[in-house]
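The structure under discussion appears below in the form of structure tokens.
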Amino acid sequence: MNGKGPDDAGDPAAPPALEWKFAQVFGERTAGEEVQEVDIISAIEFDKSGDHLATGDRGGRVVLFERTDVRAHGCRRDLERLDYPVSRHPEFRYQTEFQSHEPEFDYLKSLEIEEKINKIRWCQTANSALFLLSTNDKTIKFWKVQEKKVKRISEMNLDPSQAVGNDSSASSSTPGPGSWLPNGGCSYNYMGNDFSFPPGGFPSLRLPVVASQETSQVAKCRRIYAHAHDYHINSISTNSDGETFISADDLRINLWNLEISNQSFNIVDVKPANMEDLTEVITSAEFHPAHCNTLAYSSSKGSIRLLDLRQSALCDNHSQLFEEHEASSSRSFFTEIIASISDIKFGKDGRHILSRDYMTLKLWDINMDSSPVATFQVHEYLRPKLCDLYENDSIFDKFECCLSGDGLRVATGSYSNLFRVFGCVAGSTEATTLEASKNPMRRQVQNPVRSARSLSSLTRVVRRDQPVAGAEGPGIDANGNSYDFTTKLLHLAWHPTENSIACAAANSLYMYYA
């Protein structure tokens, strides 16, 4: 991860390519089944421990999954300390779900507000309760999910011999109208009958019998953060201090305290005095994983800005700017559109930033802002099809990206429910294409992957290119397979500590491990 090319000496040997295997699927479609729009998954997020996974959908629901194989083997940290091999692949089970957002209508602007979940972010756990943030286009909500014990009463334990008066007997297990209660009391006289009971009441106190204590997950909305964004929220990110988070729309980034829902601080504002002068918008924002004063945001022009909150209350000036300039001779009508960054992620170490634009994945070192240390070609085979992509609006699709916990690999989605995994260690040629299905390797590339240095060795850029097959015929991708623009894998997440990936294909959640 030092920015050296594959030909540089002194680099350790790159790790071998991973062999990915199918683990689980939730919500698998049967052949010919029509997918409802509200069921399509729109957000995926692992918590920091990797023991919980949350998904959001276009219907405003949040579904939680919990890991089960860790419990079967005992404490995972103890097993790792003992170097005990955990042979089973990661297994998750459905935990609970709740309705996070409902469709709304903004009467002032005459706009419908969709219930679709745009982003989910986990917060720090406390007292075995789970906390998470979810947002749609306008409103952010803070949820607490906790296990509650539900006591069930099997019987009231009434003694029929003690019930007297008016030929009534407590034959049922629960007191009904006109029946006697334990310890000398009687129920309300619904029927208008006269009641009598023994002098001094009943000699013994009888209590209800608790047959079982079932547990269920209960989600409660603790706070609602609203009315702070004029434009659609595209990002939320929790801070490492555990107390604050940011929310970003097209023109502004706001800083919130988790405990205060009626006040936020505007820390970035790119809105010009005259909207006709607007040249770029904010597309994604993320806090540094360790430094609570540092955050990054990307723009539609393909640049990433690093901010230091200690410099000023309003971060008009960035501390670092990361952007790669394209030669003017190669510019076209589509240059700015495909340069727009749809997602950024910090590496776990905080030193690297991964960005995804329409054509590529780029890995940046925050100590070197002149160019990315690695560029991975994802959609190069689509370059001859940009006109068609523009006509059907596919060119505006926003693909997410993710890094492995060890920082050795990166992943992102593509069309035809495919996703790509690249090795980003210097010298690595790993470039795996997988399909979101029970047989993920069936779309695997048969030809060896080319690894080429950039034109200028001074930039120390590593490029992973696959043979361009886009010009061979319509609908053929880099692997010789037909591609389908209607099936796209936009959302995926990498487990924080293991080589396990969760990805969404329409309404289905697929999980893979290596």
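Within each chain, counting starts at residue 1; across the structure tokens, chains are named A, B, ... in the order shown, with ligands numbered 1 upward in that order.
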
Write out as a PDB file with C-alpha atoms, in the first residue's frame all residues of range 276-510 of chain A that backbone DSSP assigns to strand (DSSP E or B).
ATOM      1  CA  ILE A 282     -21.336  16.939  -3.012  1.00  0.00           C
ATOM      2  CA  THR A 283     -21.812  13.233  -3.735  1.00  0.00           C
ATOM      3  CA  SER A 284     -20.520  11.456  -0.613  1.00  0.00           C
ATOM      4  CA  ALA A 285     -19.030  12.251   2.806  1.00  0.00           C
ATOM      5  CA  GLU A 286     -17.216  10.148   5.381  1.00  0.00           C
ATOM      6  CA  PHE A 287     -15.566  10.683   8.765  1.00  0.00           C
ATOM      7  CA  THR A 294     -11.035  14.870  10.023  1.00  0.00           C
ATOM      8  CA  LEU A 295     -13.556  14.085   7.309  1.00  0.00           C
ATOM      9  CA  ALA A 296     -13.576  13.752   3.543  1.00  0.00           C
ATOM     10  CA  TYR A 297     -16.179  14.484   0.906  1.00  0.00           C
ATOM     11  CA  SER A 298     -16.305  13.836  -2.821  1.00  0.00           C
ATOM     12  CA  SER A 299     -17.776  15.860  -5.640  1.00  0.00           C
ATOM     13  CA  ILE A 304     -12.009  14.452  -2.937  1.00  0.00           C
ATOM     14  CA  ARG A 305     -11.462  17.111  -0.268  1.00  0.00           C
ATOM     15  CA  LEU A 306     -10.046  16.397   3.155  1.00  0.00           C
ATOM     16  CA  LEU A 307     -11.256  18.747   5.902  1.00  0.00           C
ATOM     17  CA  ASP A 308      -9.947  19.560   9.371  1.00  0.00           C
ATOM     18  CA  GLN A 320      -6.021  18.523   1.046  1.00  0.00           C
ATOM     19  CA  LEU A 321      -7.414  18.036  -2.443  1.00  0.00           C
ATOM     20  CA  PHE A 322      -7.242  14.719  -4.277  1.00  0.00           C
ATOM     21  CA  ASP A 343     -18.951   6.664  -3.089  1.00  0.00           C
ATOM     22  CA  ILE A 344     -15.858   7.052  -0.901  1.00  0.00           C
ATOM     23  CA  LYS A 345     -14.622   4.892   1.961  1.00  0.00           C
ATOM     24  CA  PHE A 346     -11.714   5.280   4.365  1.00  0.00           C
ATOM     25  CA  HIS A 352      -6.163   5.348   2.394  1.00  0.00           C
ATOM     26  CA  ILE A 353      -9.366   6.508   0.717  1.00  0.00           C
ATOM     27  CA  LEU A 354     -11.181   4.373  -1.844  1.00  0.00           C
ATOM     28  CA  SER A 355     -13.353   6.178  -4.399  1.00  0.00           C
ATOM     29  CA  ARG A 356     -15.714   4.857  -7.057  1.00  0.00           C
ATOM     30  CA  THR A 360     -13.044   2.955 -12.161  1.00  0.00           C
ATOM     31  CA  LEU A 361     -12.097   2.343  -8.557  1.00  0.00           C
ATOM     32  CA  LYS A 362      -9.268   4.536  -7.272  1.00  0.00           C
ATOM     33  CA  LEU A 363      -7.202   4.098  -4.139  1.00  0.00           C
ATOM     34  CA  TRP A 364      -5.680   7.250  -2.670  1.00  0.00           C
ATOM     35  CA  ASP A 365      -2.966   7.688  -0.070  1.00  0.00           C
ATOM     36  CA  MET A 368       0.128  11.725  -1.672  1.00  0.00           C
ATOM     37  CA  ALA A 374      -3.846   2.394  -7.714  1.00  0.00           C
ATOM     38  CA  THR A 375      -6.592   2.520 -10.334  1.00  0.00           C
ATOM     39  CA  PHE A 376      -8.812  -0.458 -11.096  1.00  0.00           C
ATOM     40  CA  GLN A 377     -10.765  -0.576 -14.344  1.00  0.00           C
ATOM     41  CA  CYS A 401     -17.334   0.434  -2.951  1.00  0.00           C
ATOM     42  CA  CYS A 402     -15.713  -1.210   0.071  1.00  0.00           C
ATOM     43  CA  LEU A 403     -12.323  -2.265   1.438  1.00  0.00           C
ATOM     44  CA  ARG A 409      -8.420  -5.878  -1.302  1.00  0.00           C
ATOM     45  CA  VAL A 410     -11.214  -3.680  -2.598  1.00  0.00           C
ATOM     46  CA  ALA A 411     -14.604  -4.484  -4.113  1.00  0.00           C
ATOM     47  CA  THR A 412     -17.402  -2.818  -6.051  1.00  0.00           C
ATOM     48  CA  GLY A 413     -20.502  -3.744  -8.032  1.00  0.00           C
ATOM     49  CA  TYR A 415     -24.171  -4.750 -14.103  1.00  0.00           C
ATOM     50  CA  LEU A 418     -21.772  -8.887 -10.981  1.00  0.00           C
ATOM     51  CA  PHE A 419     -19.250  -7.546  -8.504  1.00  0.00           C
ATOM     52  CA  ARG A 420     -15.478  -7.230  -8.744  1.00  0.00           C
ATOM     53  CA  VAL A 421     -12.753  -7.905  -6.171  1.00  0.00           C
ATOM     54  CA  PHE A 422      -9.248  -6.488  -6.724  1.00  0.00           C
ATOM     55  CA  GLY A 423      -6.012  -6.988  -4.843  1.00  0.00           C
ATOM     56  CA  ALA A 431      -9.049  -9.207 -10.315  1.00  0.00           C
ATOM     57  CA  THR A 432     -11.977 -11.511  -9.675  1.00  0.00           C
ATOM     58  CA  THR A 433     -15.427 -11.198 -11.217  1.00  0.00           C
ATOM     59  CA  LEU A 434     -18.257 -12.785  -9.238  1.00  0.00           C
ATOM     60  CA  GLU A 435     -21.980 -13.084  -9.787  1.00  0.00           C
ATOM     61  CA  ARG A 450      -3.039  -7.838 -17.673  1.00  0.00           C
ATOM     62  CA  SER A 451      -1.159  -5.642 -15.269  1.00  0.00           C
ATOM     63  CA  ALA A 452       0.300  -2.497 -16.802  1.00  0.00           C
ATOM     64  CA  ARG A 453       2.191   0.502 -15.507  1.00  0.00           C
ATOM     65  CA  VAL A 462      -0.864   0.526 -10.484  1.00  0.00           C
ATOM     66  CA  ARG A 463      -3.600  -0.269 -13.016  1.00  0.00           C
ATOM     67  CA  ARG A 464      -5.544  -3.504 -13.182  1.00  0.00           C
ATOM     68  CA  ASP A 465      -7.025  -3.818 -16.674  1.00  0.00           C
ATOM     69  CA  ILE A 476     -20.917  -8.225 -24.334  1.00  0.00           C
ATOM     70  CA  SER A 482     -23.848 -10.593 -22.130  1.00  0.00           C
ATOM     71  CA  LYS A 488     -27.250  -3.896 -11.275  1.00  0.00           C
ATOM     72  CA  LEU A 492     -22.245  -4.213  -0.998  1.00  0.00           C
ATOM     73  CA  ALA A 493     -20.283  -4.331   2.266  1.00  0.00           C
ATOM     74  CA  TRP A 494     -17.118  -6.110   3.397  1.00  0.00           C
ATOM     75  CA  SER A 500     -16.765 -12.048   3.791  1.00  0.00           C
ATOM     76  CA  ILE A 501     -18.903  -9.882   1.505  1.00  0.00           C
ATOM     77  CA  ALA A 502     -22.625  -9.110   1.646  1.00  0.00           C
ATOM     78  CA  CYS A 503     -24.201  -7.740  -1.513  1.00  0.00           C
ATOM     79  CA  ALA A 504     -27.684  -6.874  -2.720  1.00  0.00           C
ATOM     80  CA  ALA A 505     -29.196  -8.062  -5.986  1.00  0.00           C
ATOM     81  CA  SER A 508     -32.052 -10.647  -2.400  1.00  0.00           C
ATOM     82  CA  LEU A 509     -29.155 -10.467   0.054  1.00  0.00           C
ATOM     83  CA  TYR A 510     -26.233 -12.702  -0.942  1.00  0.00           C
TER      84      TYR A 510
END

Near-Trp20 in chain A list (8 Å; only C-alpha atoms; drop same-chain fewer than 6 positions) as an mmCIF file with N, CA and C atoms, in the first residue's frame:
data_model
loop_
_atom_site.group_PDB
_atom_site.id
_atom_site.type_symbol
_atom_site.label_atom_id
_atom_site.label_comp_id
_atom_site.auth_asym_id
_atom_site.auth_seq_id
_atom_site.Cartn_x
_atom_site.Cartn_y
_atom_site.Cartn_z
ATOM 1 N N PRO A 440 -21.157 -18.274 -7.604
ATOM 2 C CA PRO A 440 -20.575 -16.956 -7.893
ATOM 3 C C PRO A 440 -19.445 -16.985 -8.915
ATOM 4 N N MET A 441 -18.780 -18.119 -9.109
ATOM 5 C CA MET A 441 -17.600 -18.148 -9.964
ATOM 6 C C MET A 441 -17.919 -18.446 -11.423
ATOM 7 N N TYR A 512 -20.996 -14.084 0.741
ATOM 8 C CA TYR A 512 -19.913 -14.939 0.259
ATOM 9 C C TYR A 512 -18.738 -14.865 1.226
ATOM 10 N N TYR A 513 -17.918 -15.918 1.216
ATOM 11 C CA TYR A 513 -16.742 -15.938 2.078
ATOM 12 C C TYR A 513 -15.576 -16.549 1.306
ATOM 13 N N ALA A 514 -14.358 -16.286 1.795
ATOM 14 C CA ALA A 514 -13.164 -16.845 1.163
ATOM 15 C C ALA A 514 -12.187 -17.301 2.248
#

Worksheet entry | Long-range neighbours of Cys315 in chain A as number ranges by chain, 7 Å cut-off, only C-alpha atoms, 5 positions minimum in chain | A: 267-268, 307, 309

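Using only C-alpha atoms for every distance, the candidate list A:Glu97, A:Ser237, A:Pro199, A:Ile140 yields A:Glu97 as the residue closest to Ser216 in chain A.
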
Worksheet item: What does the distance between CA of Glu66 in chain A and CA of Glu28 in chain A come to in Å, to one decimal place?
Response: 18.4 Å

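Residues with any atom within 9 Å of range 149-151 of chain A, counting only C-alpha atoms and excluding same-chain neighbours fewer than 4 positions away, are Val210, Ala211, Ser212, Gln213, Glu214, Thr215, Ser216 and Gln217 of chain A.
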
How would the residues just picked look written out with N, CA, C and O atoms as a compact mmCIF listing (two decimals), in the first residue's frame?
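Just written: again-v8.txt:
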# COMPACT_ATOMS: atom_id res chain seq x y z
N VAL A 210 -46.33 -17.88 35.78
CA VAL A 210 -45.62 -17.48 34.57
C VAL A 210 -45.07 -18.74 33.91
O VAL A 210 -44.21 -19.43 34.47
N ALA A 211 -45.61 -19.04 32.75
CA ALA A 211 -45.22 -20.29 32.09
C ALA A 211 -43.90 -20.13 31.34
O ALA A 211 -43.07 -21.03 31.32
N SER A 212 -43.67 -18.99 30.71
CA SER A 212 -42.44 -18.82 29.92
C SER A 212 -42.10 -17.34 29.82
O SER A 212 -42.94 -16.47 30.02
N GLN A 213 -40.82 -17.10 29.53
CA GLN A 213 -40.35 -15.74 29.29
C GLN A 213 -39.69 -15.70 27.92
O GLN A 213 -38.50 -15.94 27.78
N GLU A 214 -40.49 -15.42 26.91
CA GLU A 214 -39.96 -15.35 25.56
C GLU A 214 -39.26 -14.01 25.34
O GLU A 214 -39.61 -13.00 25.95
N THR A 215 -38.25 -14.01 24.49
CA THR A 215 -37.53 -12.78 24.18
C THR A 215 -37.85 -12.36 22.75
O THR A 215 -38.00 -13.18 21.86
N SER A 216 -37.95 -11.07 22.57
CA SER A 216 -38.18 -10.52 21.23
C SER A 216 -37.42 -9.22 21.09
O SER A 216 -37.18 -8.51 22.08
N GLN A 217 -37.01 -8.91 19.86
CA GLN A 217 -36.28 -7.69 19.59
C GLN A 217 -37.28 -6.55 19.36
O GLN A 217 -38.19 -6.67 18.54

Worksheet item: Could you name the residues that touch range 324-341 of chain A at 6 Å or less, counting only C-alpha atoms, but leaving out those on the same chain fewer than 3 positions away, as a ChimeraX atom specification?
Response: /A:300-302,356-358,371

Discussion item. Just to confirm, what's the straight-line distance from CA of Ser303 in chain A to CA of Val425 in chain A in Å (one decimal)?
Written reply: 23.4 Å

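The closest residue to Asp51 in chain A, picked from A:Gly32, A:Gly200, A:Pro90, A:Gly27 and counting only C-alpha atoms, is A:Pro90.
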
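Distances from A:Arg223, A:Val209, A:His52, A:Arg58 to Glu37 in chain A were compared using only C-alpha atoms, and the smallest one belongs to A:Arg58.
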
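Among the candidates A:Arg29, A:Arg152, A:Lys21, A:Lys116, the residue lying nearest to Lys438 in chain A is A:Lys21 (atoms considered: only C-alpha atoms).
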